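Since the structure comes first, as structure tokens, the remarks are kept for the end.
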Amino acid sequence: MQEQEIDNLEQMIPLLASGAVTKAYLDSLSAGNIVLEVQEGILYEVHPNGTKKKIKDVPALIEVDMSKKVYL
């Protein structure tokens with residue numbers, strides 16, 4: 001396999017991962033399970049019938065400079 005072919009395939013990884021997450025989400029709901037989901041800073045419990053129950057607010061994301069170490 002050529003280097004260019006490998007690079008092209010590697011660029012597909014985020015799309016494939018997104019599709020896998022969506023499939024797992026839908027499979028879980030289809031199996032009758034409850035799924036946790038964050039939307040606009042709020043954690044929800046999503047039920048197979050489409051109803052949502054607010055669990056709690058989620059703290060804001062912490063911006064991190066990838067070139068530095070952060071100790072919490």
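Ligands are numbered from 1 in the order shown, residues from 1 within each chain, and chains are lettered A, B, ... in the order they appear in the structure tokens.
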
Residues of chain A in helix (DSSP H, G or I) according to DSSP, as a ChimeraX atom specification? /A:3-10,13-30

Å distance separating atom CA of Thr22 of chain A from atom CA of Pro48 of chain A, one decimal place: 14.5 Å

Selected residue of minimal separation from Ser30 of chain A among A:Lys52, A:Lys68, A:Ala17, A:His47, counting only C-alpha atoms: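 Using only C-alpha atoms, the shortest distance to Ser30 of chain A belongs to A:His47.
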